[in-house]
>>> print(open('query.txt').read())   # compact mmCIF, C-alpha atoms (C1' of nucleotides)
# COMPACT_ATOMS: atom_id res chain seq x y z
CA MET T 1 -18.88 -18.20 18.28
CA THR T 2 -20.38 -15.12 16.72
CA ALA T 3 -19.36 -14.20 13.21
CA ASP T 4 -17.46 -10.97 12.75
CA PRO T 5 -19.73 -8.04 12.00
CA TYR T 6 -17.13 -6.91 9.49
CA ASP T 7 -15.81 -8.12 6.15
CA VAL T 8 -12.86 -6.29 4.75
CA LEU T 9 -13.48 -7.83 1.33
CA ASP T 10 -16.68 -5.83 1.16
CA GLU T 11 -16.04 -2.46 -0.40
CA GLN T 12 -18.57 -0.74 1.85
CA CYS T 13 -17.22 -2.15 5.09
CA PRO T 14 -15.64 0.57 7.26
CA THR T 15 -12.70 -1.74 7.94
CA ARG T 16 -11.71 -1.42 4.32
CA GLU T 17 -10.46 2.12 4.72
CA VAL T 18 -8.65 1.23 7.91
CA LEU T 19 -6.85 -1.54 6.06
CA SER T 20 -6.06 0.90 3.30
CA ARG T 21 -4.34 3.12 5.78
CA ILE T 22 -2.21 0.43 7.38
CA ALA T 23 -1.68 -1.77 4.32
CA ASP T 24 0.72 0.92 3.21
CA LYS T 25 4.46 0.75 2.93
CA TRP T 26 5.27 4.02 4.69
CA ALA T 27 2.64 3.58 7.37
CA MET T 28 4.04 0.20 8.35
CA LEU T 29 7.61 1.44 8.38
CA VAL T 30 6.70 4.42 10.54
CA ILE T 31 4.89 2.17 12.97
CA LEU T 32 7.90 -0.14 13.18
CA ALA T 33 10.23 2.79 13.74
CA LEU T 34 8.07 4.25 16.49
CA GLU T 35 7.71 0.86 18.10
CA GLU T 36 11.34 1.12 19.13
CA LYS T 37 10.98 4.53 20.70
CA THR T 38 9.52 8.00 20.50
CA LEU T 39 11.17 9.98 17.75
CA ARG T 40 11.32 13.56 16.58
CA PHE T 41 10.37 14.35 13.01
CA SER T 42 13.92 14.57 11.73
CA ALA T 43 15.02 11.42 13.54
CA LEU T 44 12.04 9.57 12.12
CA ARG T 45 12.95 10.79 8.68
CA THR T 46 16.45 9.38 9.17
CA ARG T 47 15.28 6.11 10.68
CA VAL T 48 12.76 5.36 7.96
CA ARG T 49 15.33 5.46 5.20
CA GLY T 50 14.08 6.72 1.90
CA VAL T 51 10.92 8.44 3.03
CA THR T 52 10.46 11.96 1.74
CA GLN T 53 9.40 14.79 4.00
CA LYS T 54 6.09 15.04 2.22
CA MET T 55 5.21 11.36 2.54
CA LEU T 56 6.33 11.26 6.15
CA THR T 57 4.15 14.23 7.02
CA GLN T 58 1.22 12.79 5.13
CA THR T 59 1.64 9.36 6.70
CA LEU T 60 1.91 10.79 10.20
CA ARG T 61 -1.24 12.87 9.75
CA GLY T 62 -3.14 9.79 8.68
CA LEU T 63 -1.93 7.71 11.59
CA GLU T 64 -2.65 10.57 13.95
CA LYS T 65 -6.16 10.88 12.61
CA ASP T 66 -6.91 7.23 13.36
CA GLY T 67 -5.43 7.51 16.84
CA LEU T 68 -2.39 5.34 16.20
CA VAL T 69 0.24 7.99 16.63
CA ALA T 70 0.46 10.87 19.10
CA ARG T 71 2.05 14.18 18.23
CA LYS T 72 3.57 16.21 21.03
CA VAL T 73 4.79 19.74 20.43
CA THR T 74 7.22 21.41 22.81
CA PRO T 75 7.43 25.16 22.26
CA THR T 76 11.20 25.48 22.26
CA VAL T 77 13.04 27.57 19.68
CA PRO T 78 13.07 26.03 17.23
CA VAL T 79 10.04 23.93 18.03
CA THR T 80 10.43 20.28 19.04
CA VAL T 81 7.88 17.76 17.81
CA GLU T 82 7.83 14.23 19.11
CA TYR T 83 5.91 11.31 17.67
CA SER T 84 5.03 8.18 19.57
CA LEU T 85 2.66 5.25 19.31
CA THR T 86 -0.55 5.49 21.28
CA PRO T 87 -1.71 2.37 23.16
CA LEU T 88 -3.88 1.64 20.13
CA GLY T 89 -0.88 2.08 17.87
CA ARG T 90 1.16 -0.25 20.01
CA SER T 91 -1.47 -2.93 19.71
CA LEU T 92 -1.23 -2.60 15.95
CA SER T 93 2.54 -2.67 15.98
CA GLN T 94 2.32 -6.18 17.38
CA ALA T 95 0.49 -7.26 14.25
CA VAL T 96 2.82 -5.36 11.96
CA SER T 97 5.77 -7.00 13.64
CA VAL T 98 4.35 -10.35 12.66
CA ILE T 99 4.47 -9.25 9.03
CA ARG T 100 8.07 -8.11 9.44
CA ARG T 101 8.98 -11.37 11.16
CA TRP T 102 7.52 -13.28 8.23
CA THR T 103 9.48 -11.18 5.76
CA TYR T 104 12.76 -11.84 7.57
CA ASP T 105 12.05 -15.54 7.95
CA TYR T 106 11.09 -16.16 4.34
CA MET T 107 13.33 -13.75 2.47
CA ASP T 108 15.51 -16.56 1.19
CA GLU T 109 12.57 -18.59 0.03
CA ILE T 110 11.19 -15.60 -1.82
CA LYS T 111 14.52 -15.17 -3.57
CA ARG T 112 14.37 -18.76 -4.70
CA ALA T 113 10.78 -18.34 -5.87
CA ARG T 114 11.82 -15.34 -7.93
CA ALA T 115 14.64 -17.25 -9.53
CA ARG T 116 12.26 -20.06 -10.36
CA PHE T 117 9.77 -17.61 -11.85
CA GLN T 118 12.45 -16.05 -14.01
CA LYS T 119 13.33 -19.46 -15.33
CA THR T 120 9.73 -20.34 -16.14
CA LYS T 121 8.81 -17.01 -17.66
CA PRO T 122 11.91 -15.35 -19.11
CA VAL T 123 11.60 -11.61 -19.39
CA ALA T 124 9.09 -10.76 -22.08
CA MET W 1 20.01 -15.05 20.18
CA THR W 2 21.42 -13.90 16.89
CA ALA W 3 20.29 -10.56 15.53
CA ASP W 4 18.29 -10.58 12.33
CA PRO W 5 20.44 -10.18 9.25
CA TYR W 6 17.77 -7.89 7.88
CA ASP W 7 16.40 -4.46 8.69
CA VAL W 8 13.36 -3.37 6.77
CA LEU W 9 13.94 0.24 7.81
CA ASP W 10 17.10 0.20 5.73
CA GLU W 11 16.31 1.29 2.20
CA GLN W 12 18.86 -1.11 0.71
CA CYS W 13 17.64 -4.18 2.59
CA PRO W 14 16.04 -6.72 0.23
CA THR W 15 13.18 -7.14 2.68
CA ARG W 16 12.10 -3.61 1.90
CA GLU W 17 10.78 -4.49 -1.52
CA VAL W 18 9.07 -7.58 -0.17
CA LEU W 19 7.28 -5.42 2.36
CA SER W 20 6.37 -3.00 -0.39
CA ARG W 21 4.65 -5.78 -2.24
CA ILE W 22 2.63 -7.08 0.66
CA ALA W 23 2.04 -3.77 2.45
CA ASP W 24 -0.43 -3.05 -0.31
CA LYS W 25 -4.19 -2.83 -0.11
CA TRP W 26 -5.04 -5.05 -3.06
CA ALA W 27 -2.30 -7.56 -2.35
CA MET W 28 -3.59 -8.11 1.18
CA LEU W 29 -7.18 -8.40 0.05
CA VAL W 30 -6.29 -10.92 -2.64
CA ILE W 31 -4.34 -12.98 -0.11
CA LEU W 32 -7.28 -12.94 2.28
CA ALA W 33 -9.66 -13.96 -0.48
CA LEU W 34 -7.46 -16.84 -1.60
CA GLU W 35 -6.98 -17.94 1.98
CA GLU W 36 -10.59 -19.09 1.96
CA LYS W 37 -10.24 -21.11 -1.20
CA THR W 38 -8.86 -21.38 -4.70
CA LEU W 39 -10.64 -18.99 -7.00
CA ARG W 40 -10.90 -18.35 -10.69
CA PHE W 41 -10.11 -14.91 -12.03
CA SER W 42 -13.71 -13.80 -12.34
CA ALA W 43 -14.65 -15.15 -8.92
CA LEU W 44 -11.68 -13.37 -7.38
CA ARG W 45 -12.75 -10.17 -9.05
CA THR W 46 -16.19 -10.56 -7.48
CA ARG W 47 -14.88 -11.55 -4.06
CA VAL W 48 -12.42 -8.66 -3.77
CA ARG W 49 -15.09 -6.02 -4.16
CA GLY W 50 -13.99 -2.90 -5.90
CA VAL W 51 -10.86 -4.16 -7.56
CA THR W 52 -10.62 -3.44 -11.25
CA GLN W 53 -9.55 -6.08 -13.74
CA LYS W 54 -6.40 -4.15 -14.40
CA MET W 55 -5.33 -3.88 -10.75
CA LEU W 56 -6.26 -7.49 -10.06
CA THR W 57 -4.13 -8.75 -12.92
CA GLN W 58 -1.25 -6.54 -11.86
CA THR W 59 -1.50 -7.63 -8.23
CA LEU W 60 -1.68 -11.31 -9.14
CA ARG W 61 1.41 -11.08 -11.34
CA GLY W 62 3.36 -9.53 -8.50
CA LEU W 63 2.29 -12.15 -5.99
CA GLU W 64 3.01 -14.87 -8.50
CA LYS W 65 6.48 -13.51 -9.08
CA ASP W 66 7.33 -13.75 -5.39
CA GLY W 67 5.95 -17.27 -5.17
CA LEU W 68 2.96 -16.40 -3.00
CA VAL W 69 0.27 -17.27 -5.49
CA ALA W 70 0.07 -20.14 -7.97
CA ARG W 71 -1.63 -19.79 -11.32
CA LYS W 72 -3.08 -22.92 -12.85
CA VAL W 73 -4.37 -22.90 -16.40
CA THR W 74 -6.73 -25.60 -17.62
CA PRO W 75 -7.03 -25.65 -21.40
CA THR W 76 -10.78 -25.86 -21.63
CA VAL W 77 -12.71 -23.69 -24.07
CA PRO W 78 -12.81 -21.05 -22.96
CA VAL W 79 -9.74 -21.39 -20.77
CA THR W 80 -10.07 -21.83 -17.01
CA VAL W 81 -7.53 -20.13 -14.76
CA GLU W 82 -7.37 -20.87 -11.08
CA TYR W 83 -5.45 -18.94 -8.47
CA SER W 84 -4.42 -20.37 -5.12
CA LEU W 85 -1.99 -19.61 -2.32
CA THR W 86 1.27 -21.52 -2.41
CA PRO W 87 2.56 -22.96 0.90
CA LEU W 88 4.65 -19.79 1.15
CA GLY W 89 1.59 -17.68 0.49
CA ARG W 90 -0.35 -19.56 3.15
CA SER W 91 2.33 -18.85 5.69
CA LEU W 92 1.97 -15.17 4.86
CA SER W 93 -1.80 -15.27 5.03
CA GLN W 94 -1.47 -16.19 8.68
CA ALA W 95 0.30 -12.90 9.29
CA VAL W 96 -2.13 -10.94 7.17
CA SER W 97 -5.01 -12.46 9.09
CA VAL W 98 -3.52 -11.02 12.23
CA ILE W 99 -3.78 -7.56 10.67
CA ARG W 100 -7.38 -8.18 9.69
CA ARG W 101 -8.16 -9.49 13.15
CA TRP W 102 -6.74 -6.30 14.63
CA THR W 103 -8.83 -4.20 12.27
CA TYR W 104 -12.03 -5.98 13.25
CA ASP W 105 -11.22 -5.84 16.95
CA TYR W 106 -10.35 -2.16 17.07
CA MET W 107 -12.68 -0.67 14.49
CA ASP W 108 -14.83 0.92 17.18
CA GLU W 109 -11.87 2.40 18.98
CA ILE W 110 -10.62 3.87 15.72
CA LYS W 111 -14.00 5.48 15.15
CA ARG W 112 -13.79 7.07 18.57
CA ALA W 113 -10.24 8.26 17.90
CA ARG W 114 -11.40 9.89 14.69
CA ALA W 115 -14.23 11.65 16.43
CA ARG W 116 -11.80 12.92 19.04
CA PHE W 117 -9.42 14.12 16.34
CA GLN W 118 -12.18 16.00 14.59
CA LYS W 119 -13.00 17.75 17.83
CA THR W 120 -9.39 18.76 18.47
CA LYS W 121 -8.61 19.84 14.94
CA PRO W 122 -11.76 20.98 13.18
CA VAL W 123 -11.58 20.72 9.42
CA ALA W 124 -9.06 23.21 8.10
C1' DC R 1 13.44 21.91 13.33
C1' DA R 2 9.20 20.88 11.37
C1' DG R 3 6.66 21.63 8.06
C1' DA R 4 3.69 24.05 4.16
C1' DA R 5 3.60 25.23 -0.75
C1' DT R 6 4.63 24.35 -5.40
C1' DC R 7 5.86 21.88 -9.51
C1' DC R 8 6.26 17.82 -12.10
C1' DT R 9 6.36 12.83 -13.03
C1' DA R 10 4.68 8.21 -12.25
C1' DA R 11 1.19 5.20 -10.71
C1' DT R 12 -3.67 4.23 -10.32
C1' DG R 13 -8.23 3.61 -11.82
C1' DG R 14 -12.10 3.58 -15.06
C1' DA R 15 -13.87 2.65 -19.67
C1' DT R 16 -13.71 0.52 -23.93
C1' DA R 17 -12.13 -2.49 -27.63
C1' DC R 18 -10.04 -6.76 -28.89
C1' DT R 19 -8.25 -11.85 -28.68
C1' DG R 20 -6.96 -17.03 -27.90
C1' DC O 1 -13.29 -16.86 -19.67
C1' DA O 2 -9.21 -14.44 -18.84
C1' DG O 3 -6.89 -11.66 -20.07
C1' DT O 4 -3.99 -7.67 -23.12
C1' DA O 5 -3.89 -3.04 -25.03
C1' DT O 6 -5.05 1.71 -25.12
C1' DC O 7 -6.92 6.25 -23.87
C1' DC O 8 -7.92 9.36 -20.38
C1' DA O 9 -8.78 11.56 -15.77
C1' DT O 10 -7.38 11.53 -11.14
C1' DT O 11 -4.23 10.79 -7.57
C1' DA O 12 0.10 9.48 -5.26
C1' DG O 13 4.65 10.51 -4.79
C1' DG O 14 9.31 12.91 -5.44
C1' DA O 15 12.26 17.13 -5.68
C1' DT O 16 12.79 21.73 -4.57
C1' DT O 17 11.99 26.10 -2.32
C1' DC O 18 10.65 28.68 1.55
C1' DT O 19 9.17 29.97 6.47
C1' DG O 20 7.65 30.49 11.67
>>> encode(input="query.txt", output="structure tokens")
Amino acid sequence: MTADPYDVLDEQCPTREVLSRIADKWAMLVILALEEKTLRFSALRTRVRGVTQKMLTQTLRGLEKDGLVARKVTPTVPVTVEYSLTPLGRSLSQAVSVIRRWTYDYMDEIKRARARFQKTKPVA
Amino acid sequence: MTADPYDVLDEQCPTREVLSRIADKWAMLVILALEEKTLRFSALRTRVRGVTQKMLTQTLRGLEKDGLVARKVTPTVPVTVEYSLTPLGRSLSQAVSVIRRWTYDYMDEIKRARARFQKTKPVA
DNA sequence: CAGAATCCTAATGGATACTG
DNA sequence: CAGTATCCATTAGGATTCTG
């Protein structure tokens, strides 16, 4: 059993910036949306409720840069742009789904924890 | 098979804000650091390389609020404060570890994807 | 439709000073 | 030691306008 050559807790480790990209609210939501199916820009904007056009564009460029999302332009009039997960992106979506699963499964417990916290430390 | 009562892609869904808290660079790093062992504030600051005291405090308060991290104060002089994952936090750390695992496993492929991207779209 | 550009506010991050 | 508080510079993010 060889130790990992990486350590994300180390600031200099290249994995740190990869984590920074995916440990991001919009990035995760986009990945989850594209996991379902390929979507056009406008559909993606609708599916990922609350994302602004600017953040969606920015997030997509980042994911594209790291090879997680593929951008396909069809020269219709007006132009059609489709976004989909690459095989690499799909492998990541598995991991992101685990996070979502956890969130769904423990939502109630988190609510209780919050209530408990409020009781212990009333609003300052 | 009952459908999940939640949908994180819905802006109004309570799971959205939970995801926002954990889909965060510092939050994930703190969770990974505490997964190894209980740590005092200063040790945590050293382990999570690059985090500032301000961001660490802020991140810990958020995780504490959602019941993921426990804060234990021992009234020594000077005071000793230990942070550890709660059982709920440990269940999450499993999921976060999956993300880290993915990052370590695909780091090389991401590097190649970046190189490819650079070739296709030279710096603007 | 898919975005680029612009403007403005809020959050982040660093540095420093202070306290129980 | 483990913070809180404050000032300041930089950056992220939101709202709006405009275009191929």
>>> interface_residues(input="query.txt", of="chain O", to="chain W", cutoff="12 Å", atoms="all atoms listed in the file", output="list in words")
DC1, DA2, DG3, DT4 and DA5 of chain O
>>> closest_residue(input="query.txt", among="W:Leu9, W:Val69, W:Thr52, W:Leu92", to="Met107 in chain T", atoms="all atoms listed in the file")
W:Leu92
>>> interface_residues(input="query.txt", of="chain T", to="chain W", cutoff="6 Å", atoms="only C-alpha atoms", output="PDB file with C-alpha atoms, in the frame of the given file")
ATOM      1  CA  LEU T   9     -13.480  -7.830   1.330  1.00  0.00           C
ATOM      2  CA  ASP T  10     -16.680  -5.830   1.160  1.00  0.00           C
ATOM      3  CA  GLU T  11     -16.040  -2.460  -0.400  1.00  0.00           C
ATOM      4  CA  SER T  20      -6.060   0.900   3.300  1.00  0.00           C
ATOM      5  CA  ALA T  23      -1.680  -1.770   4.320  1.00  0.00           C
ATOM      6  CA  ASP T  24       0.720   0.920   3.210  1.00  0.00           C
ATOM      7  CA  LYS T  25       4.460   0.750   2.930  1.00  0.00           C
ATOM      8  CA  VAL T  48      12.760   5.360   7.960  1.00  0.00           C
ATOM      9  CA  ARG T  49      15.330   5.460   5.200  1.00  0.00           C
ATOM     10  CA  GLY T  50      14.080   6.720   1.900  1.00  0.00           C
ATOM     11  CA  LYS T  65      -6.160  10.880  12.610  1.00  0.00           C
ATOM     12  CA  ASP T  66      -6.910   7.230  13.360  1.00  0.00           C
ATOM     13  CA  GLY T  67      -5.430   7.510  16.840  1.00  0.00           C
ATOM     14  CA  ALA T  95       0.490  -7.260  14.250  1.00  0.00           C
ATOM     15  CA  VAL T  98       4.350 -10.350  12.660  1.00  0.00           C
ATOM     16  CA  ILE T  99       4.470  -9.250   9.030  1.00  0.00           C
ATOM     17  CA  ILE T 110      11.190 -15.600  -1.820  1.00  0.00           C
ATOM     18  CA  ALA T 113      10.780 -18.340  -5.870  1.00  0.00           C
ATOM     19  CA  ARG T 114      11.820 -15.340  -7.930  1.00  0.00           C
ATOM     20  CA  PHE T 117       9.770 -17.610 -11.850  1.00  0.00           C
TER      21      PHE T 117
END
>>> interface_residues(input="query.txt", of="chain R", to="chain W", cutoff="9 Å", atoms="all atoms listed in the file", output="PDB file with C-alpha atoms (C1' of nucleotides), in the coordinates of the input")
ATOM      1  C1'  DT R  12      -3.670   4.230 -10.320  1.00  0.00           C
ATOM      2  C1'  DG R  13      -8.230   3.610 -11.820  1.00  0.00           C
ATOM      3  C1'  DG R  14     -12.100   3.580 -15.060  1.00  0.00           C
ATOM      4  C1'  DG R  20      -6.960 -17.030 -27.900  1.00  0.00           C
TER       5       DG R  20
END
>>> residues_around(input="query.txt", residues="DC7 in chain O", least_positions_apart="4", cutoff="12 Å", atoms="only C-alpha atoms (C1' of nucleotides)", output="PyMOL selection string")
chain R and resi 14-17
>>> residues_near_point(input="query.txt", point="(10.4, 8.9, -8.0)", cutoff="9 Å", atoms="all atoms listed in the file", output="list in words")
DT9 and DA10 of chain R; DG13, DG14 and DA15 of chain O
>>> closest_residue(input="query.txt", among="T:Cys13, T:Ala3, T:Leu63, T:Ala70", to="Thr38 in chain T", atoms="only C-alpha atoms")
T:Ala70
>>> atom_distance(input="query.txt", atom1="C1' of DT6 in chain R", atom2="CA of Val73 in chain T")
26.2 Å
>>> atom_distance(input="query.txt", atom1="CA of Thr74 in chain T", atom2="C1' of DA5 in chain R")
24.1 Å
>>> atom_distance(input="query.txt", atom1="C1' of DA12 in chain O", atom2="CA of Arg61 in chain W")
21.5 Å
>>> residues_around(input="query.txt", residues="DT19 in chain O", least_positions_apart="5", cutoff="12 Å", atoms="only C-alpha atoms (C1' of nucleotides)", output="PDB file with C-alpha atoms (C1' of nucleotides), in the coordinates of the input")
ATOM      1  C1'  DC R   1      13.440  21.910  13.330  1.00  0.00           C
ATOM      2  C1'  DA R   2       9.200  20.880  11.370  1.00  0.00           C
ATOM      3  C1'  DG R   3       6.660  21.630   8.060  1.00  0.00           C
ATOM      4  C1'  DA R   4       3.690  24.050   4.160  1.00  0.00           C
ATOM      5  C1'  DA R   5       3.600  25.230  -0.750  1.00  0.00           C
TER       6       DA R   5
END
>>> axis_aligned_box(input="query.txt", around="range 105-113 of chain W", padding_each_side="8 Å", output="lines of an AutoDock Vina configuration file")
center_x = -12.5
center_y = 1.2
center_z = 16.7
size_x = 20.6
size_y = 30.1
size_z = 20.5
